[in-house]
Amino acid sequence: MTVTFLILAGVTIVGMAAAMSLRNLVHCVLSLTLGLVGLAGLFLELDAQFVGFTQILVYVGAVAILAMFAVMMTRGAAQQQESRPTSVRISGVLIAGGVFLVLAWAMCHGLMTLGAPVQPEAEVKQIGVALMRSYVLPLEVIGLLLTAALIGAGVIAMEEKRGAR
Amino acid sequence: MNPLTGYVFLSALLFAVGLAGALTRRNAMLVLIGIELMLNAANLNFIAFWRYGPHPEALTGVMFVIFSIGVAAAEAAVGLSIILAVYRHSKTTNLDEMDSLKG
């Protein structure tokens with residue numbers, strides 16, 4: 001339990017909780033970005049450099065910007081308010097709290113005590129070699145999936161022609 | 001406290017925050033963001049167990065997280081473009097008002 005962990009955990013939790021509870025959508029996306037940066041810091045703290053930088057590139061660089069664009073483009077709708085009946089809110093928070101309690105209970109009872117951890121080495125070189133040897137098929141599949149999904153997203157978001165229906 | 005326990009607790013807390021957001025907000029975009037948060041909590045778990053687990057040299061946790069980030073990026077792109085398409089059609093991003101599939 002180091003000080004770095006506590007600071008990063010605090011930043012992450014505050015950012016994410018603000019992203020889920022603020023009223024203004026732009027503020028939500030900005031605090032989501034803060035939370036994602038905190039999470040990337042946690043990955044770095046866990047000696048997973050490659051994953052940490054990937055997290056920054058993909059989430060902070062792409063997903064947050066994409067969400068920001070979507071918020072800006074649906075600006076008109078954002079004004080109409082966000083007032084769900086209180087019962088829905090309370091039950092949602094209660095369900096989430098229950099899930100957390102179950103997870104925490106399972107952790108307290110189920111986590112085995114692991115031996116003193118060795119410092120793992122995950123150099124980019126090793127990751128690259130693993131990706132090209134034992135994980136080459138999943139790598140190709142995910143490349144195909146990303147291509148198909150991004151082309152599909154472009155087609156869905158494209159403006160419909162008037163006469164096309 | 002065991003460092004692993006700290007990370008796993010944090011990840012459970014993040015998951016609960018994401019779940020609460022996905023259940024209580026009515027804006028489609030925020031629900032999508034809540035789902036992203038839950039995915040991120042799972043990623044943190046993978047990395048923590050890889051770091052403190054018995055066989056870190058196998059790189060399984062890292063690989064899983066890399067693929068999961070790829071899938072999450074695709075999911076975010078498709079989800080946001082669907083929200084844009086629905087908004088263009090019915091001028092709303094409110095989930096309670098999106099109640100018909102017919103165009």
# chains A, B, ... in the order shown; residues from 1 in each chain; ligands from 1
call {"tool": "interface_residues", "arguments": {"of": "chain B", "to": "chain A", "cutoff": "6 Å", "atoms": "only C-alpha atoms", "output": "list in words"}}
result
Pro3, Ala16, Leu19, Ala20, Gly21, Leu23, Thr24, Tyr52, Pro56, Ala74, Val78, Ser81, Ala85 and Thr92 of chain B
call {"tool": "select_by_dssp", "arguments": {"residues": "chain B", "states": "helix (DSSP H, G or I)", "output": "PyMOL selection string"}}
result
chain B and resi 3-24+28-52+56-58+60-90
call {"tool": "residues_around", "arguments": {"residues": "stretch 28-40 of chain B", "least_positions_apart": "4", "cutoff": "7 Å", "atoms": "only C-alpha atoms", "output": "PyMOL selection string"}}
result
chain B and resi 14-15+18-19+21-22+44+93-95
call {"tool": "write_last_selection", "arguments": {"atoms": "all heavy atoms", "output": "PDB file, in the first residue's frame"}}
result
ATOM      1  N   LEU B  14     -14.675   0.554  -8.735  1.00  0.00           N
ATOM      2  CA  LEU B  14     -14.869   1.142 -10.072  1.00  0.00           C
ATOM      3  C   LEU B  14     -16.030   0.466 -10.780  1.00  0.00           C
ATOM      4  O   LEU B  14     -16.857   1.115 -11.418  1.00  0.00           O
ATOM      5  CB  LEU B  14     -13.604   0.963 -10.910  1.00  0.00           C
ATOM      6  CG  LEU B  14     -12.461   1.916 -10.670  1.00  0.00           C
ATOM      7  CD1 LEU B  14     -11.339   1.607 -11.640  1.00  0.00           C
ATOM      8  CD2 LEU B  14     -12.925   3.320 -10.850  1.00  0.00           C
ATOM      9  N   PHE B  15     -16.100  -0.860 -10.657  1.00  0.00           N
ATOM     10  CA  PHE B  15     -17.191  -1.599 -11.295  1.00  0.00           C
ATOM     11  C   PHE B  15     -18.530  -1.136 -10.752  1.00  0.00           C
ATOM     12  O   PHE B  15     -19.472  -0.892 -11.508  1.00  0.00           O
ATOM     13  CB  PHE B  15     -16.999  -3.098 -11.055  1.00  0.00           C
ATOM     14  CG  PHE B  15     -17.961  -3.954 -11.813  1.00  0.00           C
ATOM     15  CD1 PHE B  15     -17.646  -4.386 -13.089  1.00  0.00           C
ATOM     16  CD2 PHE B  15     -19.169  -4.312 -11.264  1.00  0.00           C
ATOM     17  CE1 PHE B  15     -18.542  -5.162 -13.804  1.00  0.00           C
ATOM     18  CE2 PHE B  15     -20.063  -5.088 -11.978  1.00  0.00           C
ATOM     19  CZ  PHE B  15     -19.743  -5.514 -13.246  1.00  0.00           C
ATOM     20  N   GLY B  18     -19.424   2.282 -12.138  1.00  0.00           N
ATOM     21  CA  GLY B  18     -19.892   2.170 -13.522  1.00  0.00           C
ATOM     22  C   GLY B  18     -21.296   1.600 -13.589  1.00  0.00           C
ATOM     23  O   GLY B  18     -22.144   2.073 -14.346  1.00  0.00           O
ATOM     24  N   LEU B  19     -21.564   0.579 -12.768  1.00  0.00           N
ATOM     25  CA  LEU B  19     -22.890  -0.053 -12.772  1.00  0.00           C
ATOM     26  C   LEU B  19     -23.945   0.933 -12.302  1.00  0.00           C
ATOM     27  O   LEU B  19     -25.015   1.049 -12.905  1.00  0.00           O
ATOM     28  CB  LEU B  19     -22.870  -1.284 -11.879  1.00  0.00           C
ATOM     29  CG  LEU B  19     -24.148  -2.106 -11.842  1.00  0.00           C
ATOM     30  CD1 LEU B  19     -24.427  -2.681 -13.207  1.00  0.00           C
ATOM     31  CD2 LEU B  19     -24.041  -3.221 -10.829  1.00  0.00           C
ATOM     32  N   GLY B  21     -23.845   4.153 -12.536  1.00  0.00           N
ATOM     33  CA  GLY B  21     -24.060   5.125 -13.603  1.00  0.00           C
ATOM     34  C   GLY B  21     -24.921   4.553 -14.706  1.00  0.00           C
ATOM     35  O   GLY B  21     -25.866   5.194 -15.166  1.00  0.00           O
ATOM     36  N   ALA B  22     -24.613   3.309 -15.138  1.00  0.00           N
ATOM     37  CA  ALA B  22     -25.363   2.710 -16.234  1.00  0.00           C
ATOM     38  C   ALA B  22     -26.823   2.497 -15.847  1.00  0.00           C
ATOM     39  O   ALA B  22     -27.709   2.567 -16.688  1.00  0.00           O
ATOM     40  CB  ALA B  22     -24.716   1.396 -16.650  1.00  0.00           C
ATOM     41  N   LEU B  44      -8.246  -3.664 -14.956  1.00  0.00           N
ATOM     42  CA  LEU B  44      -7.384  -3.446 -13.792  1.00  0.00           C
ATOM     43  C   LEU B  44      -7.192  -4.753 -13.023  1.00  0.00           C
ATOM     44  O   LEU B  44      -6.093  -5.076 -12.576  1.00  0.00           O
ATOM     45  CB  LEU B  44      -8.000  -2.380 -12.888  1.00  0.00           C
ATOM     46  CG  LEU B  44      -7.173  -2.036 -11.649  1.00  0.00           C
ATOM     47  CD1 LEU B  44      -5.824  -1.509 -12.063  1.00  0.00           C
ATOM     48  CD2 LEU B  44      -7.885  -1.016 -10.790  1.00  0.00           C
ATOM     49  N   THR B  93     -31.516  11.874 -27.078  1.00  0.00           N
ATOM     50  CA  THR B  93     -30.567  10.858 -26.613  1.00  0.00           C
ATOM     51  C   THR B  93     -31.055  10.288 -25.295  1.00  0.00           C
ATOM     52  O   THR B  93     -30.305   9.659 -24.564  1.00  0.00           O
ATOM     53  CB  THR B  93     -29.154  11.445 -26.406  1.00  0.00           C
ATOM     54  OG1 THR B  93     -29.262  12.585 -25.567  1.00  0.00           O
ATOM     55  CG2 THR B  93     -28.524  11.827 -27.712  1.00  0.00           C
ATOM     56  N   ASN B  94     -32.325  10.548 -25.006  1.00  0.00           N
ATOM     57  CA  ASN B  94     -32.884  10.075 -23.747  1.00  0.00           C
ATOM     58  C   ASN B  94     -33.399   8.645 -23.898  1.00  0.00           C
ATOM     59  O   ASN B  94     -34.239   8.375 -24.758  1.00  0.00           O
ATOM     60  CB  ASN B  94     -34.020  11.011 -23.361  1.00  0.00           C
ATOM     61  CG  ASN B  94     -34.545  10.707 -22.002  1.00  0.00           C
ATOM     62  OD1 ASN B  94     -34.523   9.561 -21.576  1.00  0.00           O
ATOM     63  ND2 ASN B  94     -35.002  11.718 -21.311  1.00  0.00           N
ATOM     64  N   LEU B  95     -32.898   7.744 -23.080  1.00  0.00           N
ATOM     65  CA  LEU B  95     -33.241   6.332 -23.263  1.00  0.00           C
ATOM     66  C   LEU B  95     -34.711   6.060 -23.019  1.00  0.00           C
ATOM     67  O   LEU B  95     -35.286   5.170 -23.627  1.00  0.00           O
ATOM     68  CB  LEU B  95     -32.401   5.477 -22.312  1.00  0.00           C
ATOM     69  CG  LEU B  95     -30.959   5.336 -22.718  1.00  0.00           C
ATOM     70  CD1 LEU B  95     -30.208   4.569 -21.667  1.00  0.00           C
ATOM     71  CD2 LEU B  95     -30.857   4.618 -24.035  1.00  0.00           C
TER      72      LEU B  95
END
call {"tool": "atom_distance", "arguments": {"atom1": "atom CA of B:Thr5", "atom2": "atom CA of A:Thr4"}}
result
15.6 Å
call {"tool": "atom_distance", "arguments": {"atom1": "atom CA of A:Val124", "atom2": "atom CA of B:Phe64"}}
result
15.1 Å
call {"tool": "atom_distance", "arguments": {"atom1": "atom CA of B:Ile47", "atom2": "atom CA of A:Leu34"}}
result
19.9 Å
call {"tool": "decode", "arguments": {"residues": "chain B", "atoms": "C-alpha atoms", "output": "mmCIF file, in the first residue's frame"}}
result
data_model
loop_
_atom_site.group_PDB
_atom_site.id
_atom_site.type_symbol
_atom_site.label_atom_id
_atom_site.label_comp_id
_atom_site.auth_asym_id
_atom_site.auth_seq_id
_atom_site.Cartn_x
_atom_site.Cartn_y
_atom_site.Cartn_z
ATOM 1 C CA MET B 1 -2.788 -5.008 3.655
ATOM 2 C CA ASN B 2 -1.733 -7.127 0.739
ATOM 3 C CA PRO B 3 -1.175 -4.893 -2.343
ATOM 4 C CA LEU B 4 -3.258 -7.265 -4.472
ATOM 5 C CA THR B 5 -6.223 -6.756 -2.146
ATOM 6 C CA GLY B 6 -5.974 -2.991 -2.586
ATOM 7 C CA TYR B 7 -6.092 -3.250 -6.377
ATOM 8 C CA VAL B 8 -8.939 -5.765 -6.369
ATOM 9 C CA PHE B 9 -10.956 -3.588 -3.972
ATOM 10 C CA LEU B 10 -10.360 -0.547 -6.158
ATOM 11 C CA SER B 11 -11.470 -2.478 -9.213
ATOM 12 C CA ALA B 12 -14.660 -3.661 -7.453
ATOM 13 C CA LEU B 13 -15.385 -0.054 -6.478
ATOM 14 C CA LEU B 14 -14.869 1.142 -10.072
ATOM 15 C CA PHE B 15 -17.191 -1.599 -11.295
ATOM 16 C CA ALA B 16 -19.861 -0.547 -8.806
ATOM 17 C CA VAL B 17 -19.534 3.119 -9.853
ATOM 18 C CA GLY B 18 -19.892 2.170 -13.522
ATOM 19 C CA LEU B 19 -22.890 -0.053 -12.772
ATOM 20 C CA ALA B 20 -24.599 2.666 -10.739
ATOM 21 C CA GLY B 21 -24.060 5.125 -13.603
ATOM 22 C CA ALA B 22 -25.363 2.710 -16.234
ATOM 23 C CA LEU B 23 -28.473 1.993 -14.160
ATOM 24 C CA THR B 24 -29.397 5.499 -13.035
ATOM 25 C CA ARG B 25 -28.518 7.889 -15.881
ATOM 26 C CA ARG B 26 -30.958 8.245 -18.733
ATOM 27 C CA ASN B 27 -28.641 9.743 -21.332
ATOM 28 C CA ALA B 28 -27.519 7.038 -23.781
ATOM 29 C CA MET B 29 -23.991 8.435 -23.917
ATOM 30 C CA LEU B 30 -23.529 8.223 -20.157
ATOM 31 C CA VAL B 31 -24.806 4.657 -20.088
ATOM 32 C CA LEU B 32 -22.171 3.792 -22.706
ATOM 33 C CA ILE B 33 -19.508 5.515 -20.592
ATOM 34 C CA GLY B 34 -20.656 3.506 -17.567
ATOM 35 C CA ILE B 35 -20.174 0.295 -19.539
ATOM 36 C CA GLU B 36 -16.670 1.456 -20.505
ATOM 37 C CA LEU B 37 -15.942 1.988 -16.798
ATOM 38 C CA MET B 38 -16.958 -1.577 -15.999
ATOM 39 C CA LEU B 39 -14.665 -2.866 -18.778
ATOM 40 C CA ASN B 40 -11.821 -0.784 -17.365
ATOM 41 C CA ALA B 41 -12.392 -2.218 -13.897
ATOM 42 C CA ALA B 42 -12.058 -5.715 -15.354
ATOM 43 C CA ASN B 43 -8.816 -4.669 -17.092
ATOM 44 C CA LEU B 44 -7.384 -3.446 -13.792
ATOM 45 C CA ASN B 45 -8.196 -6.826 -12.267
ATOM 46 C CA PHE B 46 -6.403 -8.688 -15.059
ATOM 47 C CA ILE B 47 -3.268 -6.577 -14.676
ATOM 48 C CA ALA B 48 -3.255 -6.838 -10.865
ATOM 49 C CA PHE B 49 -3.567 -10.621 -10.942
ATOM 50 C CA TRP B 50 -0.893 -10.838 -13.644
ATOM 51 C CA ARG B 51 1.484 -8.709 -11.559
ATOM 52 C CA TYR B 52 0.983 -10.550 -8.267
ATOM 53 C CA GLY B 53 0.092 -13.973 -9.632
ATOM 54 C CA PRO B 54 2.302 -17.042 -9.714
ATOM 55 C CA HIS B 55 3.306 -16.972 -13.421
ATOM 56 C CA PRO B 56 3.913 -13.415 -14.604
ATOM 57 C CA GLU B 57 6.264 -14.580 -17.340
ATOM 58 C CA ALA B 58 3.335 -16.090 -19.281
ATOM 59 C CA LEU B 59 2.028 -12.561 -20.101
ATOM 60 C CA THR B 60 -1.561 -13.841 -20.190
ATOM 61 C CA GLY B 61 -3.023 -10.914 -18.271
ATOM 62 C CA VAL B 62 -1.281 -8.340 -20.445
ATOM 63 C CA MET B 63 -2.459 -10.030 -23.642
ATOM 64 C CA PHE B 64 -6.023 -10.236 -22.385
ATOM 65 C CA VAL B 65 -6.033 -6.531 -21.540
ATOM 66 C CA ILE B 66 -4.590 -5.551 -24.922
ATOM 67 C CA PHE B 67 -7.307 -7.482 -26.748
ATOM 68 C CA SER B 68 -9.997 -6.195 -24.423
ATOM 69 C CA ILE B 69 -8.920 -2.575 -25.055
ATOM 70 C CA GLY B 70 -9.196 -3.264 -28.788
ATOM 71 C CA VAL B 71 -12.716 -4.686 -28.453
ATOM 72 C CA ALA B 72 -13.750 -1.810 -26.160
ATOM 73 C CA ALA B 73 -12.548 0.735 -28.716
ATOM 74 C CA ALA B 74 -14.609 -0.933 -31.450
ATOM 75 C CA GLU B 75 -17.615 -1.052 -29.125
ATOM 76 C CA ALA B 76 -17.327 2.638 -28.265
ATOM 77 C CA ALA B 77 -17.094 3.638 -31.934
ATOM 78 C CA VAL B 78 -20.130 1.573 -32.960
ATOM 79 C CA GLY B 79 -22.149 2.611 -29.896
ATOM 80 C CA LEU B 80 -21.528 6.322 -30.367
ATOM 81 C CA SER B 81 -22.350 6.173 -34.062
ATOM 82 C CA ILE B 82 -25.627 4.369 -33.282
ATOM 83 C CA ILE B 83 -26.447 7.117 -30.773
ATOM 84 C CA LEU B 84 -25.710 9.729 -33.462
ATOM 85 C CA ALA B 85 -27.914 7.936 -35.981
ATOM 86 C CA VAL B 86 -30.787 7.683 -33.495
ATOM 87 C CA TYR B 87 -30.346 11.330 -32.557
ATOM 88 C CA ARG B 88 -30.512 12.398 -36.174
ATOM 89 C CA HIS B 89 -33.725 10.457 -36.604
ATOM 90 C CA SER B 90 -35.622 11.209 -33.412
ATOM 91 C CA LYS B 91 -33.791 14.230 -31.936
ATOM 92 C CA THR B 92 -33.281 12.651 -28.552
ATOM 93 C CA THR B 93 -30.567 10.858 -26.613
ATOM 94 C CA ASN B 94 -32.884 10.075 -23.747
ATOM 95 C CA LEU B 95 -33.241 6.332 -23.263
ATOM 96 C CA ASP B 96 -36.756 6.587 -21.830
ATOM 97 C CA GLU B 97 -37.934 8.202 -25.050
ATOM 98 C CA MET B 98 -36.198 5.753 -27.386
ATOM 99 C CA ASP B 99 -38.960 3.227 -27.232
ATOM 100 C CA SER B 100 -39.626 2.245 -30.798
ATOM 101 C CA LEU B 101 -37.564 0.266 -33.288
ATOM 102 C CA LYS B 102 -39.651 1.231 -36.313
ATOM 103 C CA GLY B 103 -38.199 4.169 -38.228
#
